[in-house]
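Inspection log for the structure reproduced underneath, given as structure tokens.
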Amino acid sequence: RLFFLPSEKVECKVTKSILLPELDLIEWVDREVYVIFDSDINANVRIQAAEQRLIGMLQSRGSTLYPVRLPDGIDDEKVGADDYLLCHSDDDLFDLLLSTLETPESYAHPKTLREIMDTDYPPTQWIWDKFVLEGEVNLLYADGGVGKSMLALNLAIHCASGLPFIGDRTKSTPVLILFAEDGEAEVHRRANAICSSIKDQNCKQRGTTSDSSLKKNPPIYLWCNPVDGATLATIGDTGEIDEESRLHNLRAELKKIGKPTFVVLDSLIDLFNMNEILRPPVNAALKKVLGGLCREFDCTILVLAHPSKASKSDGSHYSGSTAFNNAVRQRLTLEVVKGQENLEMGAPKALMLSVAKSNYGSDARKEIWLSGCVTTPPIPETPQSIKLQRNLILNEVVKYLDAGKRVVKNNGNHGSNAVSPKELLKSLKSKKAIIIDAKKLYVQLEKLEAKGLLRYIPSDKSKSVTRKATYEKGPNYKRQSKLKRRKGKRTASSTASSSEVPDGR
């Protein structure tokens, strides 16, 4: 079949990276396609760029593309496909198509450095400054339960409302989210907490009781734990792509939105049926399927993923083939700050968001607190967060005591073996991301004394051997430790007993 489309209409639509409805109805997989623009394309860089965008869109849908160059008319007059057929036969046209297969015209010519230097390109753009690169596939790796889905939903709401997110600028954009595991009820609960937090923070900053910066109906569209699955494609070991219905649905929704969209996909394991250890399928998933969506719709994609146990140990923080790192321009990690891994479920945790790889940015890092909403230290004062601070202070004091150090109440020179409040605050900030002032530290230490978890022994110079001041473990701390040890022994004993129960055979 031959399709003749007005060049100005094609150019307008291709600039927006949206296929015409007539073209979108065609099955493009395994189809050979000859793209014929007017003959003036060789002298027009803008039309060449439009051609490459069209070729990229059709290639992402499984077609083989051959760009065709028409000869100029008399006196170098511009010639289109319809003009060509007025003066040539059908056989001439098909001979021209066949010659395309045999000549260098079947591939995109390299550009000279001067052509590139003479073209105006926009600077590197970000959906979220320093962290999410616009127009590209971004990966965010974090352990299950750390909070990457909550972080992504927070970012989505801020982007859709055009609000800065934890101190950095975002780009106002519609958002499309695919949550493969979280249902609508859970998203409702989280979104309520996020929106309330945003309103409270903005009202405090403005000194008002109402807030108008959060959009009433932000342009966010969600698939929540879809019953028909989240798989976009099945990819063979050599990179061949078999598209699933979810990918067609995703294209349809992006086309319906009609604007460059921020797409969040949670999580990677649910998106593709493929061998993650091999490079060809991973490259096909990230560069052709997801990268094809970026090129076709000018969208930005953030994919949430889980690191492997081995990668957390060696510091690489991703699983499978090295293509997961090499095929993307931006890769992030989200980790619990060391020492807080075993906090009770639901307690606010100090997290470190880091840029593990960035081709166009910097190795940015950001300490954050995640407790429904996302904030930067210091942690907001809530009953839950105050309890968390107290527990972390207790653990830090006990750690010093177990190491043979003395922890004292006052700053000053107490000897090399002593830890002053100033040093304790510094240690809490660097190791636990706890940022509090000295007054609050004293309040928390007094609470720990009142609860019998710590006891302070003042100095006594009246004795023959001068007793130096220090905290020591209180009676309730010791009692708690014994109870925990007994509970651990009972759990281990019951587990061993259950494993010895006969299977009935």
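Labels used: A, B, ... for chains in the order of the structure tokens, numbers from 1 for residues in each chain, and numbers from 1 for ligands as shown.
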So which residues touch Ile301 in chain A within 7 Å, counting only C-alpha atoms, skipping near sequence neighbours fewer than 6 positions away, as a short mmCIF file (atom, residue, chain, number, x, y, z; two decimals) with all heavy atoms, in the first residue's frame?
```cif
data_model
loop_
_atom_site.label_atom_id
_atom_site.label_comp_id
_atom_site.auth_asym_id
_atom_site.auth_seq_id
_atom_site.Cartn_x
_atom_site.Cartn_y
_atom_site.Cartn_z
N GLU A 136 14.14 10.63 29.06
CA GLU A 136 14.96 9.41 29.11
C GLU A 136 14.32 8.38 30.04
O GLU A 136 13.39 8.68 30.79
CB GLU A 136 16.37 9.73 29.62
CG GLU A 136 17.16 10.70 28.75
CD GLU A 136 17.70 10.05 27.49
OE1 GLU A 136 17.67 8.80 27.40
OE2 GLU A 136 18.15 10.79 26.59
N VAL A 137 14.87 7.16 29.99
CA VAL A 137 14.49 6.11 30.92
C VAL A 137 15.36 6.23 32.16
O VAL A 137 16.60 6.21 32.06
CB VAL A 137 14.65 4.72 30.29
CG1 VAL A 137 14.26 3.63 31.28
CG2 VAL A 137 13.81 4.60 29.02
N ASN A 138 14.76 6.39 33.32
CA ASN A 138 15.46 6.48 34.60
C ASN A 138 15.13 5.23 35.43
O ASN A 138 13.99 4.78 35.44
CB ASN A 138 15.03 7.72 35.38
CG ASN A 138 15.29 9.02 34.64
OD1 ASN A 138 16.21 9.76 34.95
ND2 ASN A 138 14.46 9.34 33.64
N PHE A 262 5.15 12.36 32.34
CA PHE A 262 6.05 11.67 33.26
C PHE A 262 5.41 10.32 33.58
O PHE A 262 4.31 10.27 34.15
CB PHE A 262 6.26 12.51 34.51
CG PHE A 262 7.14 11.87 35.55
CD1 PHE A 262 8.20 11.04 35.21
CD2 PHE A 262 6.92 12.12 36.91
CE1 PHE A 262 9.01 10.46 36.18
CE2 PHE A 262 7.72 11.55 37.89
CZ PHE A 262 8.76 10.71 37.51
N VAL A 263 6.08 9.23 33.23
CA VAL A 263 5.53 7.89 33.40
C VAL A 263 6.30 7.17 34.50
O VAL A 263 7.53 7.10 34.48
CB VAL A 263 5.64 7.07 32.09
CG1 VAL A 263 5.03 5.68 32.26
CG2 VAL A 263 4.96 7.81 30.95
N VAL A 264 5.57 6.63 35.49
CA VAL A 264 6.16 5.85 36.58
C VAL A 264 5.70 4.40 36.43
O VAL A 264 4.49 4.14 36.36
CB VAL A 264 5.75 6.40 37.96
CG1 VAL A 264 6.34 5.53 39.08
CG2 VAL A 264 6.20 7.85 38.11
#
```
Q: Can you pull out every residue within 8 Å of Arg390 in chain A, counting only C-alpha atoms, but drop anything in the same chain fewer than 5 positions away, and send it as a ChimeraX atom specification?
A: /A:444-445,448
Now that the selection is made, can you save its residues with C-alpha atoms as a CSV table (one decimal), in the first residue's frame?
```csv
chain,number,residue,atom,x,y,z
A,444,GLN,CA,15.7,13.1,75.4
A,445,LEU,CA,18.5,12.0,77.7
A,448,LEU,CA,15.7,7.9,79.0
```
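As for CA of Gly80 in chain A and CA of Ser39 in chain A, they are spaced 6.4 Å apart.
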**Q.** Filtered DSSP result for range 2-163 of chain A, state alpha helix (DSSP H), as a ChimeraX atom specification
**A.** /A:7-15,21-24,45-60,81-87,90-102,113-117,148-161
Q) So, counting only C-alpha atoms, which residue among A:Asp228, A:Leu351, A:Lys440, A:Pro67 is closest to Ile41 in chain A? A) A:Pro67
Q: Within range 60-252 of chain A, find each residue whose DSSP state, derived from the backbone, is strand (DSSP E), and express the selection as an NGL selection string.
A: :A and (64-68 or 126-128 or 132-133 or 137-142 or 175-179 or 220-224 or 233-235 or 241-243)
I need the chosen residues saved as a PDB file, in the first residue's frame, with C-alpha atoms.
```pdb
ATOM      1  CA  THR A  64      12.237  -2.147   9.108  1.00  0.00           C
ATOM      2  CA  LEU A  65      12.721   1.373   7.762  1.00  0.00           C
ATOM      3  CA  TYR A  66      14.262   2.598   4.495  1.00  0.00           C
ATOM      4  CA  PRO A  67      14.487   6.371   3.945  1.00  0.00           C
ATOM      5  CA  VAL A  68      14.102   7.256   0.251  1.00  0.00           C
ATOM      6  CA  TRP A 126      15.124  17.570  34.303  1.00  0.00           C
ATOM      7  CA  ILE A 127      11.712  16.443  35.513  1.00  0.00           C
ATOM      8  CA  TRP A 128      13.183  16.685  39.017  1.00  0.00           C
ATOM      9  CA  VAL A 132      15.077  12.445  37.123  1.00  0.00           C
ATOM     10  CA  LEU A 133      16.339  13.183  33.602  1.00  0.00           C
ATOM     11  CA  VAL A 137      14.489   6.109  30.922  1.00  0.00           C
ATOM     12  CA  ASN A 138      15.465   6.479  34.601  1.00  0.00           C
ATOM     13  CA  LEU A 139      15.894   3.564  37.039  1.00  0.00           C
ATOM     14  CA  LEU A 140      15.317   3.740  40.810  1.00  0.00           C
ATOM     15  CA  TYR A 141      16.563   0.756  42.815  1.00  0.00           C
ATOM     16  CA  ALA A 142      15.508   0.092  46.417  1.00  0.00           C
ATOM     17  CA  VAL A 175       1.774  11.874  35.174  1.00  0.00           C
ATOM     18  CA  LEU A 176       0.803   8.321  34.222  1.00  0.00           C
ATOM     19  CA  ILE A 177       1.515   5.623  36.846  1.00  0.00           C
ATOM     20  CA  LEU A 178       1.384   1.845  36.640  1.00  0.00           C
ATOM     21  CA  PHE A 179       1.417   0.220  40.103  1.00  0.00           C
ATOM     22  CA  ILE A 220      -2.345  12.068  37.406  1.00  0.00           C
ATOM     23  CA  TYR A 221      -3.664   8.867  35.834  1.00  0.00           C
ATOM     24  CA  LEU A 222      -3.165   5.504  37.527  1.00  0.00           C
ATOM     25  CA  TRP A 223      -3.422   1.803  36.835  1.00  0.00           C
ATOM     26  CA  CYS A 224      -3.548   0.251  40.307  1.00  0.00           C
ATOM     27  CA  ALA A 233       6.416  -7.350  26.367  1.00  0.00           C
ATOM     28  CA  THR A 234       7.967 -10.802  26.196  1.00  0.00           C
ATOM     29  CA  ILE A 235      11.558 -10.572  24.980  1.00  0.00           C
ATOM     30  CA  ILE A 241      10.172  -8.356  21.086  1.00  0.00           C
ATOM     31  CA  ASP A 242       6.654  -9.756  21.391  1.00  0.00           C
ATOM     32  CA  GLU A 243       4.440  -6.866  22.500  1.00  0.00           C
TER      33      GLU A 243
END
```
Q: One decimal, Å: what's the distance from CA of Pro122 in chain A over to CA of Phe297 in chain A, could you say?
A: 17.6 Å
**Q.** Selection near Asn217 in chain A, 12 Å with only C-alpha atoms, sequence-local residues under 5 positions removed, as JSON, numbers by chain
**A.** {"A": [157, 160, 161, 174, 195, 212]}
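With only C-alpha atoms as the atoms that count, the residue of A:Thr470, A:Thr124, A:Ser172, A:Ser321 with the shortest distance to Ala156 in chain A is A:Ser172.
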Q. Given the choices A:Ala284, A:Cys373, A:Val337, A:Met352, which gets closest to His158 in chain A if the distance is worked out from only C-alpha atoms?
A.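 Checking each of A:Ala284, A:Cys373, A:Val337, A:Met352 against His158 in chain A, counting only C-alpha atoms, the winner is A:Cys373.
Excluding Ile116 in chain A itself and any same-chain residue fewer than 6 positions from it, the protein and nucleic acid residues within 12 Å of it, counting only C-alpha atoms, are Val45, Ala49 and Pro110 of chain A.
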Fewer than 5 positions away in the same chain doesn't count, so skip those; otherwise give me all residues within 12 Å of Ala305 in chain A, counting only C-alpha atoms, as a short mmCIF file (atom, residue, chain, number, x, y, z; two decimals) with N, CA, C and O atoms, in the first residue's frame.
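The resulting file, result-v5.cif, is shown below:
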```
data_model
loop_
_atom_site.label_atom_id
_atom_site.label_comp_id
_atom_site.auth_asym_id
_atom_site.auth_seq_id
_atom_site.Cartn_x
_atom_site.Cartn_y
_atom_site.Cartn_z
N ASN A 138 14.76 6.39 33.32
CA ASN A 138 15.46 6.48 34.60
C ASN A 138 15.13 5.23 35.43
O ASN A 138 13.99 4.78 35.44
N LEU A 139 16.11 4.71 36.15
CA LEU A 139 15.89 3.56 37.04
C LEU A 139 16.08 3.99 38.48
O LEU A 139 17.01 4.73 38.81
N LEU A 140 15.19 3.51 39.37
CA LEU A 140 15.32 3.74 40.81
C LEU A 140 15.31 2.38 41.50
O LEU A 140 14.31 1.66 41.45
N TYR A 141 16.44 2.04 42.12
CA TYR A 141 16.56 0.76 42.81
C TYR A 141 16.44 0.94 44.32
O TYR A 141 17.06 1.84 44.90
N ALA A 142 15.63 0.10 44.95
CA ALA A 142 15.51 0.09 46.42
C ALA A 142 14.92 -1.24 46.84
O ALA A 142 14.15 -1.87 46.10
N ASP A 143 15.27 -1.67 48.05
CA ASP A 143 14.73 -2.90 48.61
C ASP A 143 13.22 -2.79 48.78
O ASP A 143 12.68 -1.69 48.94
N GLY A 144 12.54 -3.93 48.81
CA GLY A 144 11.11 -3.93 49.07
C GLY A 144 10.81 -3.37 50.45
O GLY A 144 11.49 -3.71 51.42
N GLY A 145 9.82 -2.48 50.54
CA GLY A 145 9.44 -1.92 51.83
C GLY A 145 10.21 -0.69 52.25
O GLY A 145 9.86 -0.05 53.26
N VAL A 146 11.24 -0.31 51.51
CA VAL A 146 12.02 0.88 51.87
C VAL A 146 11.21 2.15 51.61
O VAL A 146 11.27 3.11 52.38
N GLY A 147 10.43 2.17 50.52
CA GLY A 147 9.60 3.34 50.28
C GLY A 147 9.71 3.96 48.90
O GLY A 147 9.34 5.11 48.71
N LYS A 148 10.19 3.19 47.91
CA LYS A 148 10.35 3.77 46.57
C LYS A 148 9.00 4.11 45.93
O LYS A 148 8.88 5.12 45.23
N SER A 149 7.98 3.28 46.17
CA SER A 149 6.65 3.59 45.61
C SER A 149 6.08 4.86 46.24
O SER A 149 5.48 5.69 45.56
N ALA A 152 7.93 7.79 44.78
CA ALA A 152 7.49 8.06 43.41
C ALA A 152 6.13 8.75 43.40
O ALA A 152 5.90 9.68 42.60
N ALA A 180 1.94 -2.13 39.78
CA ALA A 180 1.61 -3.54 39.55
C ALA A 180 1.14 -4.24 40.81
O ALA A 180 0.47 -5.27 40.74
N VAL A 264 5.57 6.63 35.49
CA VAL A 264 6.16 5.85 36.58
C VAL A 264 5.70 4.40 36.43
O VAL A 264 4.49 4.14 36.36
N LEU A 265 6.64 3.47 36.36
CA LEU A 265 6.33 2.04 36.20
C LEU A 265 6.88 1.28 37.39
O LEU A 265 8.10 1.29 37.65
N ASP A 266 6.01 0.61 38.13
CA ASP A 266 6.38 -0.08 39.37
C ASP A 266 5.83 -1.51 39.33
O ASP A 266 4.62 -1.72 39.41
N SER A 267 6.67 -2.52 39.22
CA SER A 267 8.11 -2.44 39.19
C SER A 267 8.65 -3.23 38.00
O SER A 267 7.91 -3.90 37.29
N LEU A 268 9.98 -3.18 37.82
CA LEU A 268 10.64 -3.75 36.65
C LEU A 268 10.33 -5.22 36.44
O LEU A 268 10.10 -5.68 35.32
N ILE A 269 10.30 -5.99 37.51
CA ILE A 269 10.08 -7.44 37.42
C ILE A 269 8.73 -7.76 36.80
O ILE A 269 8.55 -8.83 36.20
N ASP A 270 7.74 -6.85 36.92
CA ASP A 270 6.40 -7.09 36.39
C ASP A 270 6.24 -6.64 34.94
O ASP A 270 5.22 -6.95 34.32
N LEU A 271 7.22 -5.91 34.39
CA LEU A 271 7.05 -5.29 33.08
C LEU A 271 7.44 -6.19 31.92
O LEU A 271 6.85 -6.09 30.83
N HIS A 317 24.22 -2.24 43.54
CA HIS A 317 22.79 -1.93 43.79
C HIS A 317 21.91 -2.08 42.55
O HIS A 317 21.02 -1.26 42.31
N TYR A 318 22.12 -3.10 41.76
CA TYR A 318 21.14 -3.50 40.75
C TYR A 318 21.31 -4.99 40.51
O TYR A 318 22.29 -5.60 40.95
N SER A 319 20.35 -5.60 39.85
CA SER A 319 20.42 -7.04 39.64
C SER A 319 20.46 -7.34 38.15
O SER A 319 20.09 -6.51 37.32
N GLY A 320 20.92 -8.54 37.81
CA GLY A 320 20.92 -8.97 36.43
C GLY A 320 22.10 -8.43 35.63
O GLY A 320 23.16 -8.09 36.16
N PHE A 324 21.56 -3.23 32.60
CA PHE A 324 20.65 -2.42 33.42
C PHE A 324 21.32 -1.12 33.83
O PHE A 324 20.65 -0.12 34.08
N ARG A 331 20.56 6.50 36.84
CA ARG A 331 20.16 5.42 37.75
C ARG A 331 20.29 5.90 39.18
O ARG A 331 21.32 6.47 39.58
N LEU A 332 19.23 5.69 39.98
CA LEU A 332 19.17 6.15 41.37
C LEU A 332 19.10 4.96 42.32
O LEU A 332 18.67 3.87 41.94
N THR A 333 19.52 5.18 43.55
CA THR A 333 19.35 4.18 44.62
C THR A 333 18.72 4.85 45.83
O THR A 333 18.96 6.04 46.09
N LEU A 334 17.91 4.10 46.55
CA LEU A 334 17.30 4.57 47.78
C LEU A 334 17.58 3.54 48.85
O LEU A 334 17.18 2.37 48.73
#
```
**Q.** Which residue of A:Glu367, A:Glu27, A:Asp168, A:Glu449 approaches Tyr477 in chain A most closely, using only C-alpha atoms
**A.**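 Using only C-alpha atoms, Tyr477 in chain A sits closest to A:Glu449.
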Q) What separation in Å, quoted to one decimal, exists between CA of Pro475 in chain A and CA of Leu454 in chain A? A)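 CA of Leu454 in chain A lies at a distance of 7.7 Å from CA of Pro475 in chain A.
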**Q.** Residue nearest Ser362 in chain A among A:Phe131, A:Phe272, A:Tyr400, A:Phe165 (counting only C-alpha atoms)
**A.**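 With only C-alpha atoms as the atom set, the closest residue is A:Phe131.
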Q: Skip Val398 in chain A itself and residues of its chain fewer than 5 positions away, then list as a PyMOL selection string all residues within 9 Å of it, counting only C-alpha atoms.
A: chain A and resi 393+403+454+471-473
